[in-house]
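The file input-v7.txt comes next; it holds compact mmCIF, C-alpha atoms.
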# COMPACT_ATOMS: atom_id res chain seq x y z
CA MET A 1 0.00 0.00 0.00
CA GLU A 2 2.83 2.37 0.92
CA ILE A 3 4.60 1.55 -2.39
CA LYS A 4 1.40 2.34 -4.31
CA ASN A 5 1.00 5.66 -2.45
CA ALA A 6 4.65 6.54 -3.09
CA SER A 7 4.23 5.78 -6.80
CA SER A 8 1.06 7.92 -7.01
CA SER A 9 2.78 10.78 -5.20
CA LYS A 10 5.72 10.61 -7.61
CA VAL A 11 3.37 10.80 -10.62
CA LEU A 12 1.48 13.76 -9.12
CA LEU A 13 4.73 15.60 -8.30
CA THR A 14 6.03 14.98 -11.83
CA MET A 15 2.80 16.29 -13.38
CA ALA A 16 2.79 19.34 -11.10
CA ALA A 17 6.42 20.11 -11.97
CA LEU A 18 5.61 19.74 -15.68
CA VAL A 19 2.70 22.20 -15.39
CA VAL A 20 4.92 24.73 -13.59
CA ILE A 21 7.66 24.35 -16.24
CA LEU A 22 5.21 24.80 -19.13
CA ALA A 23 3.66 27.86 -17.45
CA GLY A 24 7.14 29.33 -17.05
CA VAL A 25 8.02 28.62 -20.69
CA LYS A 26 4.80 30.25 -21.91
CA ALA A 27 5.37 33.31 -19.69
CA ALA A 28 8.95 33.65 -20.97
CA SER A 29 8.10 32.93 -24.63
CA SER A 30 9.08 36.46 -25.73
CA ILE A 31 12.66 35.65 -24.63
CA LEU A 32 12.73 31.95 -25.48
CA VAL A 33 11.40 32.24 -29.05
CA PRO A 34 14.27 34.42 -30.43
CA PHE A 35 16.76 32.19 -28.57
CA LEU A 36 15.30 28.96 -30.01
CA LEU A 37 15.20 30.51 -33.47
CA SER A 38 18.87 31.46 -33.09
CA VAL A 39 19.76 27.91 -32.01
CA PHE A 40 18.07 26.32 -35.02
CA ILE A 41 19.49 28.86 -37.49
CA ALA A 42 22.97 28.24 -36.09
CA MET A 43 22.54 24.46 -36.31
CA ALA A 44 21.28 24.74 -39.90
CA CYS A 45 24.26 26.94 -40.88
CA ASN A 46 26.96 25.02 -39.01
CA PRO A 47 27.42 22.36 -41.78
CA LEU A 48 28.47 25.21 -44.13
CA ILE A 49 31.16 26.22 -41.62
CA THR A 50 32.30 22.60 -41.30
CA TRP A 51 32.40 22.21 -45.08
CA ALA A 52 34.49 25.38 -45.44
CA SER A 53 36.96 24.17 -42.79
CA ARG A 54 37.79 21.16 -44.99
CA TYR A 55 39.24 23.61 -47.50
CA ARG A 56 41.33 25.30 -44.77
CA VAL A 57 39.11 28.38 -44.60
CA PRO A 58 39.56 30.00 -41.14
CA ARG A 59 36.49 29.60 -38.95
CA TRP A 60 36.15 33.34 -38.33
CA LEU A 61 36.13 34.03 -42.08
CA SER A 62 33.57 31.31 -42.85
CA VAL A 63 31.29 32.58 -40.06
CA ILE A 64 31.48 36.13 -41.44
CA LEU A 65 30.70 34.92 -44.98
CA VAL A 66 27.71 32.86 -43.79
CA ILE A 67 26.34 35.78 -41.75
CA LEU A 68 26.75 38.15 -44.72
CA LEU A 69 24.88 35.64 -46.87
CA ILE A 70 22.05 35.48 -44.30
CA VAL A 71 21.86 39.29 -44.03
CA VAL A 72 21.87 39.94 -47.79
CA PHE A 73 19.42 37.15 -48.55
CA GLY A 74 17.21 38.10 -45.58
CA PHE A 75 16.92 41.79 -46.48
CA MET A 76 16.24 41.05 -50.14
CA LEU A 77 13.56 38.54 -49.23
CA ALA A 78 12.05 40.78 -46.56
CA GLY A 79 11.70 43.64 -49.06
CA LEU A 80 10.05 41.49 -51.73
CA VAL A 81 7.77 39.62 -49.33
CA GLY A 82 6.90 42.77 -47.36
CA ASN A 83 5.63 44.58 -50.47
CA SER A 84 3.75 41.49 -51.64
CA MET A 85 2.19 40.97 -48.21
CA ASN A 86 1.03 44.59 -47.93
CA GLU A 87 -0.62 44.37 -51.34
CA PHE A 88 -2.19 41.03 -50.46
CA SER A 89 -3.58 42.45 -47.19
CA ARG A 90 -5.17 45.35 -49.09
CA ASN A 91 -6.78 42.98 -51.58
CA LEU A 92 -7.83 40.36 -49.01
CA PRO A 93 -11.45 41.62 -48.55
CA GLU A 94 -11.93 41.55 -52.34
CA TYR A 95 -10.46 38.04 -52.58
CA LYS A 96 -12.78 36.82 -49.80
CA GLU A 97 -15.80 38.31 -51.55
CA GLN A 98 -14.85 36.66 -54.83
CA LEU A 99 -14.34 33.32 -53.07
CA ALA A 100 -17.80 33.63 -51.54
CA GLY A 101 -19.13 34.21 -55.06
CA GLU A 102 -17.37 31.06 -56.30
CA LEU A 103 -18.90 29.12 -53.41
CA SER A 104 -22.35 30.46 -54.35
CA TRP A 105 -21.77 29.26 -57.92
CA LEU A 106 -20.87 25.81 -56.57
CA VAL A 107 -24.08 25.73 -54.48
CA GLY A 108 -26.06 26.62 -57.61
CA ARG A 109 -24.41 23.87 -59.64
CA LEU A 110 -25.09 21.31 -56.91
CA ALA A 111 -28.75 22.36 -56.90
CA THR A 112 -29.02 21.25 -60.55
CA PHE A 113 -28.16 17.74 -59.32
CA ASP A 114 -30.85 17.90 -56.59
CA ILE A 115 -28.24 18.55 -53.91
CA HIS A 116 -29.68 21.54 -52.06
CA LEU A 117 -27.53 23.48 -49.57
CA ASP A 118 -28.31 26.64 -47.66
CA ARG A 119 -25.77 29.19 -48.96
CA SER A 120 -25.84 31.47 -45.89
CA GLN A 121 -25.54 28.55 -43.48
CA LEU A 122 -22.71 27.04 -45.53
CA LEU A 123 -20.84 30.35 -45.53
CA SER A 124 -21.27 30.63 -41.75
CA TYR A 125 -19.70 27.18 -41.26
CA LEU A 126 -17.11 27.41 -44.05
CA ASP A 127 -15.38 30.78 -44.31
CA PRO A 128 -13.68 30.72 -47.73
CA GLY A 129 -11.18 33.36 -46.65
CA LEU A 130 -10.04 31.47 -43.55
CA ALA A 131 -7.06 29.84 -45.29
CA MET A 132 -5.90 33.20 -46.64
CA ASN A 133 -6.25 34.80 -43.21
CA MET A 134 -4.27 31.93 -41.68
CA ALA A 135 -1.46 32.37 -44.22
CA SER A 136 -1.36 36.12 -43.58
CA ASN A 137 -1.34 35.66 -39.78
CA LEU A 138 1.43 33.04 -40.00
CA LEU A 139 3.71 35.33 -42.01
CA SER A 140 2.85 38.28 -39.76
CA GLY A 141 3.80 36.21 -36.71
CA VAL A 142 7.19 35.33 -38.22
CA GLY A 143 7.70 38.98 -39.18
CA ALA A 144 6.96 40.08 -35.62
CA VAL A 145 9.63 37.74 -34.26
CA MET A 146 12.12 38.96 -36.86
CA THR A 147 11.85 42.50 -35.45
CA ASN A 148 14.53 41.16 -33.07
CA PHE A 149 16.68 40.44 -36.14
CA LEU A 150 19.83 42.09 -34.74
CA LEU A 151 19.59 40.17 -31.45
CA ILE A 152 18.99 36.88 -33.31
CA LEU A 153 21.86 37.58 -35.70
CA LEU A 154 24.35 38.36 -32.91
CA THR A 155 23.28 35.23 -31.02
CA VAL A 156 23.77 33.13 -34.17
CA VAL A 157 27.28 34.60 -34.64
CA PHE A 158 28.36 33.70 -31.11
CA MET A 159 26.80 30.25 -31.36
CA LEU A 160 28.62 29.52 -34.63
CA PHE A 161 31.94 30.50 -33.05
CA GLU A 162 31.20 28.22 -30.05
CA ALA A 163 29.65 25.34 -32.04
CA GLU A 164 32.90 23.38 -32.36
CA SER A 165 33.37 23.11 -28.61
CA VAL A 166 29.73 22.40 -27.63
CA PRO A 167 29.86 18.56 -27.92
CA ARG A 168 33.04 18.46 -25.84
CA LYS A 169 31.50 20.74 -23.17
CA VAL A 170 28.35 18.58 -23.00
CA HIS A 171 30.41 15.40 -22.53
CA ILE A 172 32.52 16.96 -19.76
CA ALA A 173 29.42 18.45 -18.07
CA LEU A 174 27.90 14.94 -17.99
CA ASP A 175 31.10 13.49 -16.50
CA ASP A 176 32.19 11.77 -19.70
CA PRO A 177 35.74 13.02 -20.32
CA ALA A 178 36.48 10.00 -22.51
CA MET A 179 33.68 11.09 -24.92
CA LYS A 180 31.93 7.69 -24.86
CA ILE A 181 28.26 8.64 -24.36
CA GLU A 182 26.85 7.65 -27.73
CA GLN A 183 23.37 9.01 -27.00
CA ILE A 184 24.71 12.58 -26.78
CA ASP A 185 26.48 12.23 -30.12
CA LYS A 186 23.35 10.73 -31.67
CA PHE A 187 21.24 13.56 -30.25
CA LEU A 188 23.48 16.37 -31.56
CA SER A 189 24.14 14.69 -34.91
CA SER A 190 20.45 13.87 -35.56
CA ILE A 191 19.25 17.43 -34.91
CA LYS A 192 22.09 19.00 -36.92
CA ASP A 193 21.64 16.70 -39.92
CA TYR A 194 17.86 17.03 -39.86
CA LEU A 195 17.91 20.83 -39.80
CA ALA A 196 20.58 21.14 -42.50
CA ILE A 197 18.86 18.71 -44.90
CA LYS A 198 15.37 20.04 -44.14
CA THR A 199 16.50 23.63 -44.78
CA LEU A 200 17.95 22.75 -48.19
CA VAL A 201 14.87 20.71 -49.16
CA SER A 202 12.57 23.50 -47.96
CA LEU A 203 14.50 26.07 -50.00
CA ALA A 204 14.15 23.90 -53.11
CA THR A 205 10.43 23.38 -52.41
CA GLY A 206 9.81 27.11 -51.99
CA PHE A 207 11.77 27.93 -55.14
CA LEU A 208 9.90 25.38 -57.27
CA ALA A 209 6.50 26.46 -55.90
CA GLY A 210 7.29 30.14 -56.53
CA LEU A 211 8.55 29.41 -60.06
CA MET A 212 5.41 27.43 -60.89
CA LEU A 213 3.11 30.20 -59.62
CA TYR A 214 5.12 32.86 -61.50
CA LEU A 215 4.87 30.92 -64.77
CA LEU A 216 1.11 30.44 -64.28
CA GLY A 217 0.63 34.14 -63.51
CA VAL A 218 -0.66 33.81 -59.93
CA ASP A 219 -0.41 37.03 -57.88
CA HIS A 220 1.96 37.33 -54.90
CA PHE A 221 4.02 34.28 -55.96
CA MET A 222 6.89 35.34 -53.65
CA LEU A 223 4.53 35.27 -50.68
CA TRP A 224 3.40 31.71 -51.42
CA ALA A 225 6.99 30.61 -52.11
CA VAL A 226 8.07 31.79 -48.64
CA LEU A 227 5.00 30.11 -47.13
CA ALA A 228 5.90 26.84 -48.89
CA PHE A 229 9.49 27.14 -47.57
CA LEU A 230 8.39 27.75 -43.97
CA LEU A 231 5.62 25.14 -43.84
CA ASN A 232 7.82 22.46 -45.39
CA TYR A 233 9.43 22.17 -41.94
CA ILE A 234 6.12 20.55 -40.88
CA PRO A 235 6.03 17.06 -42.47
CA ASN A 236 2.89 15.50 -43.94
CA ILE A 237 0.49 18.40 -43.32
CA GLY A 238 2.66 21.49 -43.89
CA SER A 239 2.66 21.16 -47.67
CA ILE A 240 -1.16 20.83 -47.70
CA ILE A 241 -1.58 23.99 -45.60
CA ALA A 242 0.84 25.89 -47.89
CA ALA A 243 -1.02 24.86 -51.05
CA VAL A 244 -4.54 25.86 -49.97
CA PRO A 245 -4.26 29.70 -50.13
CA ALA A 246 -2.35 29.58 -53.44
CA VAL A 247 -4.98 27.29 -55.00
CA LEU A 248 -7.81 29.50 -53.72
CA LEU A 249 -6.17 32.63 -55.10
CA ALA A 250 -5.61 30.92 -58.47
CA LEU A 251 -9.31 29.96 -58.46
CA VAL A 252 -10.38 33.57 -57.85
CA GLN A 253 -7.86 35.16 -60.19
CA LEU A 254 -7.51 32.73 -63.11
CA GLY A 255 -10.36 30.22 -62.85
CA PRO A 256 -10.85 26.52 -62.01
CA ALA A 257 -8.50 25.18 -64.73
CA THR A 258 -5.47 27.13 -63.46
CA ALA A 259 -6.40 26.33 -59.84
CA GLY A 260 -6.37 22.65 -60.78
CA LEU A 261 -2.93 23.04 -62.37
CA VAL A 262 -1.64 24.77 -59.24
CA GLY A 263 -3.00 21.94 -57.07
CA ILE A 264 -1.42 19.28 -59.30
CA GLY A 265 1.85 21.24 -59.32
CA TYR A 266 1.97 21.33 -55.51
CA VAL A 267 1.28 17.58 -55.36
CA VAL A 268 4.10 16.85 -57.84
CA ILE A 269 6.60 19.15 -56.07
CA ASN A 270 5.87 17.82 -52.60
CA THR A 271 5.80 14.19 -53.76
CA LEU A 272 9.17 14.65 -55.46
CA MET A 273 10.81 16.51 -52.57
CA GLY A 274 9.14 14.59 -49.73
CA ASN A 275 9.23 11.04 -51.11
CA VAL A 276 12.29 11.04 -53.39
CA VAL A 277 14.82 13.77 -52.54
CA GLU A 278 14.41 14.04 -48.76
CA PRO A 279 14.49 10.28 -47.94
CA ARG A 280 17.56 9.92 -50.17
CA PHE A 281 19.56 12.25 -47.91
CA MET A 282 17.74 11.80 -44.60
CA GLY A 283 17.47 8.02 -44.61
CA ARG A 284 14.66 6.43 -42.64
CA GLY A 285 13.40 9.79 -41.40
CA LEU A 286 12.40 11.12 -38.01
CA GLY A 287 10.39 8.16 -36.76
CA LEU A 288 7.49 10.39 -35.63
CA SER A 289 3.92 9.33 -36.36
CA THR A 290 1.62 11.60 -38.37
CA LEU A 291 -0.66 12.02 -35.35
CA VAL A 292 2.29 13.10 -33.18
CA VAL A 293 3.36 15.61 -35.86
CA PHE A 294 -0.15 17.13 -35.90
CA LEU A 295 -0.48 17.21 -32.10
CA SER A 296 3.03 18.69 -31.73
CA LEU A 297 2.02 21.44 -34.18
CA ILE A 298 -0.92 22.36 -31.92
CA PHE A 299 1.03 22.03 -28.67
CA TRP A 300 4.14 24.02 -29.64
CA GLY A 301 1.98 26.59 -31.44
CA TRP A 302 0.03 27.14 -28.23
CA LEU A 303 3.19 27.25 -26.12
CA LEU A 304 5.48 29.39 -28.32
CA GLY A 305 3.24 30.94 -30.98
CA THR A 306 3.93 30.98 -34.72
CA VAL A 307 7.63 30.10 -34.45
CA GLY A 308 6.68 27.19 -32.19
CA MET A 309 4.51 25.82 -35.02
CA LEU A 310 7.40 26.04 -37.48
CA LEU A 311 9.84 24.44 -35.04
CA SER A 312 7.31 21.90 -33.70
CA VAL A 313 8.92 18.86 -35.37
CA PRO A 314 12.55 19.65 -34.41
CA LEU A 315 11.44 20.39 -30.82
CA THR A 316 9.43 17.15 -30.64
CA MET A 317 12.38 15.27 -32.12
CA ILE A 318 14.62 16.70 -29.37
CA VAL A 319 12.14 15.57 -26.70
CA LYS A 320 11.91 12.09 -28.28
CA ILE A 321 15.70 11.59 -28.46
CA ALA A 322 16.10 12.91 -24.90
CA LEU A 323 13.42 10.50 -23.63
CA GLU A 324 15.05 7.57 -25.44
CA SER A 325 18.24 8.19 -23.47
CA THR A 326 16.49 7.71 -20.10
CA GLN A 327 15.13 4.46 -18.73
CA GLY A 328 12.04 6.10 -17.25
CA GLY A 329 11.11 8.05 -20.37
CA ARG A 330 11.69 5.33 -22.97
CA TRP A 331 8.05 4.20 -22.86
CA PHE A 332 6.87 7.70 -23.79
CA ALA A 333 9.41 7.89 -26.63
CA LEU A 334 7.89 4.67 -28.01
CA LEU A 335 4.45 6.32 -28.02
CA LEU A 336 5.85 9.17 -30.14
CA ALA A 337 7.44 6.77 -32.65
CA ASP A 338 6.01 6.16 -36.11
CA ASP A 339 6.16 2.37 -35.99
CA VAL A 340 7.52 -0.02 -33.39
CA LYS A 341 8.32 -3.62 -34.35
CA PRO A 342 7.28 -6.39 -31.95
CA VAL A 343 10.02 -7.93 -29.87
CA GLU A 344 9.74 -11.28 -31.71
CA GLU A 345 10.05 -9.58 -35.11
CA SER A 346 13.00 -7.41 -34.12
CA ALA A 347 14.76 -10.37 -32.53
CA SER A 348 14.51 -12.38 -35.71

What is this file in structure tokens?
Amino acid sequence: MEIKNASSSKVLLTMAALVVILAGVKAASSILVPFLLSVFIAMACNPLITWASRYRVPRWLSVILVILLIVVFGFMLAGLVGNSMNEFSRNLPEYKEQLAGELSWLVGRLATFDIHLDRSQLLSYLDPGLAMNMASNLLSGVGAVMTNFLLILLTVVFMLFEAESVPRKVHIALDDPAMKIEQIDKFLSSIKDYLAIKTLVSLATGFLAGLMLYLLGVDHFMLWAVLAFLLNYIPNIGSIIAAVPAVLLALVQLGPATAGLVGIGYVVINTLMGNVVEPRFMGRGLGLSTLVVFLSLIFWGWLLGTVGMLLSVPLTMIVKIALESTQGGRWFALLLADDVKPVEESAS
């Protein structure tokens, strides 16, 4: 009885501590979000520094070149996307009205097949401008975080200079001077490789989506290219969310035929990048189930806002790898996994 009470008390204390930690994280999100963004940018850029060091380029010079590349590319992109976003925001009420008109046309067509729907009730349940509002709010949220651009940039610089010594410091801090804790190496290597490969694949996805929309004549193609780049960090569902506003705008602007081409184009691009290119470089993948990806999107979005949604998969992957390294948390890591083979099957 005493053992049962002790076990229950331990669970309650753990849950209470978790609630306190999450409340603290949410309260300090304005500080944590720029820091987390800096960490992930630094980890995504570090392979470039490592690659340059193979050609005997001094670390300080390679860091400066990478930072200059980020600054130039960032300001160019911010100018183009900022203008496109302002124009899109001005035209948003008109786009929503036109989408409502298209929905009314669809209701009329369905009525010819004896499928009768109440237009006003349908519009109250299904806001055709919701996807466009969501896209605009997502980009606005990222833009708000990037107002701390100088702070993020300076943090990235210092992190890149310190990146080489971080694994050694972690080993020594965990009393492993011989550098034999494989789980730490797996943890650091998995996150670094994932972010580097995902960033390159996301850049290619955004470029191809933007090029397709430009060739088809869809307005604000730069805006949708950036959205495709950002949401590609969310596997399985991110590409679907990125395609919806672009398809709706193509429907309003150029008609159903072009909207269909845009939809097919997004399917081809994401199938190619997600099922051919990415697995070729990333191997088996993250090992996270689709349900866990979706739930992590909601959880980290609630906890850290827009940036939390974009970083939801890397953050969940960190939690999963950390849990796998502890005996008590291994069961929870198995719940997060995509597929777990039975003991008999794995033994054979």

Go ahead and compute the interatomic distance for CA of Gln253 (chain A) and CA of Leu103 (chain A), in Å to one decimal.
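According to the coordinates, CA of Gln253 (chain A) and CA of Leu103 (chain A) are separated by 14.3 Å.
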
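Straight-line separation from CA of Gly260 (chain A) to CA of Asp219 (chain A): 15.8 Å.
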
Can you pull out every residue within 8 Å of Leu203 (chain A), counting all atoms listed in the file, but drop anything in the same chain fewer than 4 positions away, and send it as a short mmCIF file (atom, residue, chain, number, x, y, z; two decimals) with C-alpha atoms, in the coordinates of the input?
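Result went into around-v1.cif, see below:
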data_model
loop_
_atom_site.label_atom_id
_atom_site.label_comp_id
_atom_site.auth_asym_id
_atom_site.auth_seq_id
_atom_site.Cartn_x
_atom_site.Cartn_y
_atom_site.Cartn_z
CA THR A 199 16.50 23.63 -44.78
CA PHE A 207 11.77 27.93 -55.14
CA PHE A 229 9.49 27.14 -47.57
#

A:Val262, A:Ile70, A:Val268, A:Met159 ranked by distance to Ala243 (chain A), top pick (using all atoms listed in the file):
A:Val262

Out of A:Ile67, A:Met212, A:Ala204, A:Leu272, which residue has the shortest atom-to-atom distance to Val247 (chain A) when counting all atoms listed in the file?
A:Met212

Between CA of Ser296 (chain A) and CA of Ser312 (chain A), distance in Å (one decimal):
5.7 Å

Contacts of Ile234 (chain A) at 8 Å or less, counting all atoms listed in the file, minus same-chain residues fewer than 6 places along, as a list of chain:residue names?
A:Val293, A:Leu297, A:Leu310, A:Leu311, A:Ser312, A:Val313

With C-alpha atoms kept, could you save the residues just selected as an mmCIF file, in the coordinates of the input?
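Result file follows (again_14.cif):
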data_model
loop_
_atom_site.group_PDB
_atom_site.id
_atom_site.type_symbol
_atom_site.label_atom_id
_atom_site.label_comp_id
_atom_site.auth_asym_id
_atom_site.auth_seq_id
_atom_site.Cartn_x
_atom_site.Cartn_y
_atom_site.Cartn_z
ATOM 1 C CA VAL A 293 3.360 15.610 -35.860
ATOM 2 C CA LEU A 297 2.020 21.440 -34.180
ATOM 3 C CA LEU A 310 7.400 26.040 -37.480
ATOM 4 C CA LEU A 311 9.840 24.440 -35.040
ATOM 5 C CA SER A 312 7.310 21.900 -33.700
ATOM 6 C CA VAL A 313 8.920 18.860 -35.370
#

Go through A:Val267, A:Leu99, A:Leu151, A:Ile197 one by one, measure the shortest atom-to-atom distance of each to Gly255 (chain A) using only C-alpha atoms, and give the residue with the smallest value.
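Closest to Gly255 (chain A) of all the choices is A:Leu99.
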
Counting only C-alpha atoms, which residues sit no farther than 8 Å from the position (10.7, 22.3, -26.6) in the file's frame? I'd like them as a list in words.
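Applying the cut-off with only C-alpha atoms, one gets Trp300, Ser312, Leu315, Thr316, Ile318 and Val319 of chain A.
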